[in-house]
Amino acid sequence: MEIVESVKVCLSKAIDKATADGYNVDKGLKGIGITNQRETTVVWSKSSGLALYNAIVWMDVRTSSICRKLEKELSGGKTHFIESCGLPISTYFSALKLLWLLENVDAVKEAVNKGDALFGTIDSWLIWNLTGGVNNGLHVTDVSNASRTMLMNLKTLNWDEKTLETLKIPKNILPKIVSNAEVIGTIAKGWVIPGVPISGCLGDQHAAMLGQSCKKGEAKSTYGTGAFILLNTGEQVIKSNHGLLTTLAFKLGKDAPTNYALEGSIAIAGAAVQWLRDSLGIISSANEIEELAVKVDSTGGVYFVPAFNGLFAPWWRDDARGVLIGITRFTNKSHIARAVLESMCFQVKDVLDSMHKDAGEKGEKKNEKGQFLLRVDGGATVNNTLMQIQADLLGNPVVRPADIETTALGAAYAAGLAVGVWTEAEIFSNGERLKKDTTFNPVLDEDVRKKKVASWCKAVERTFDLADLSL
């Protein structure tokens with residue numbers, strides 16, 4: 001309910017701001033796009049419109065015992081569903097969160113039995129509310145969000161019957177799957193913009209990919225709470241042998257071709273900076289980390305791995321916990337701040353190395369100097385030191401757009417595409433925008449880089465098998 005309320009406030013404020021900037025919103029607004037954090041799971045009542053339990057957030061690990069149980073029982077173990085959905089069994093994905101709700105919450109069980117339960121990720125919950133809620137609200141999700149539930153077949157883009165049967169999930173609680181750019185429905189009375197079409201919907205990482213105009217062979221990394229790296233593999237579904245997820249990139253219209261992607265998800269990126277601020281009190285605001293980190297020119301041999309609730313790609317270890325190693329009497333808070341920044345960049349490098357192995361030379365687009373460019377976005381990219389460390393550890397240039405809020409931009413692109421505000425060619429011809437971008441080139445000596453990477457790998461190995469440390 002808080003999320004619905006925040007969307008009401010957000011809509012009003014956005015309209016006020018646009019009006020103050022001289023736009024005629026009543027006449028000019030052609031459509032709206034939605035983008036959301038993926039995987040977060042809600043089950044609500046069709047008749048009352050109320051959620052039957054709190055949403056279970058993407059990084060919540062309460063489902064780890066269900067994961068272990070399924071891995072033991074199913075013939076394919078952790079990778080049992082990879083053929084259909086491209087995802088391993090993990091606490092990360094919605095199906096496991098839904099199973100937990102079905103097993104542990106009486107209100108959910110009762111509503112399912114009565115035919116009154118609806119399941120969805122946050123996009124579904126918002127669209128249902130925006131299009132009328134209990135008064136014939138539309139129960140839909142888009143292909144990108146559906147691809148993160150573990151329940152959608154990547155090739156058919158429909159709910160996978162066999163998976164539903166195996167997990168005993170009733171199909172009638174699932175939303176209808178639509179593309180990322182089509183008129184889904186119109187906003188209901190009672191909202192500030194009734195009658196306006198909802199014409200775009202994408203999960204946040206897919207929206208950022210579109211906002212960055214990532215064509216086949218191009219990759220972007222979004223630095224938020226976590227970090228998410230996606231490489232567009234075109235119309236080809238590439239199965240990962242190196243710990244990445246095979247996922248959908250986007251489908252820009254009902255009859256448009258489907259673009260797929262390889263994705264590496266990192267649970268803790270910007271969240272580690274919040275931890276320095278809120279839990280340790282080493283900094284009082286997130287932007288102070290850069291001032292602190294530049295006081296030293298290295299971490300002094302300190303390595304930090306933020307495995308706060310396990311490690312995602314490419315390791316997939318939910319038994320991992322955070323470590324800070326290499327500490328001496330010489331270590332001060334600047335070294336720790338720099339090690340936190342480096343930890344984000346090392347994790348991104350691990351994912352990109354895996355992508356390179358999976359996609360091969362042909363799967364990645366390079367510039368005229370033979371370099372692979374990483375496009376970056378998200379709040380943390382304002383930190384120039386972080387971006388330079390990223391370029392140094394990759395040994396490749398990092399490109400930051402003038403507008404780093406590419407997730408919102410991608411949702412707007414999809415919405416505008418469906419209602420004819422612009423064409424696909426205009427979205428992907430990004431030459432003009434690239435002129436305003438900032439490029440960070442690597443300057444670190446190659447030998448130093450290799451040694452640092454080897455030390456990082458040693459630190460990662462130290463995090464394994466620590467989940468049962470005594471309180």
# chains A, B, ... in the order shown; residues from 1 in each chain; ligands from 1
>>> residues_around(residues="A:Leu118", least_positions_apart="4", cutoff="7 Å", atoms="only C-alpha atoms", output="MDAnalysis selection string")
chainID A and resid 43:46 173:174
>>> select_by_dssp(residues="stretch 217-463 of chain A", states="helix (DSSP H, G or I)", output="PyMOL selection string")
chain A and resi 270-280+288-293+333-359+361-363+379-382+384-394+406-418+424-428+431-434+446-461
>>> atom_distance(atom1="atom CA of A:Glu364", atom2="atom CA of A:Leu231")
8.2 Å
>>> closest_residue(among="A:Lys72, A:Lys162, A:His80, A:Lys215", to="A:Glu424", atoms="only C-alpha atoms")
A:Lys215
>>> residues_around(residues="A:Leu444", least_positions_apart="2", cutoff="9 Å", atoms="only C-alpha atoms", output="PyMOL selection string")
chain A and resi 389+391-393+395+442+446-449
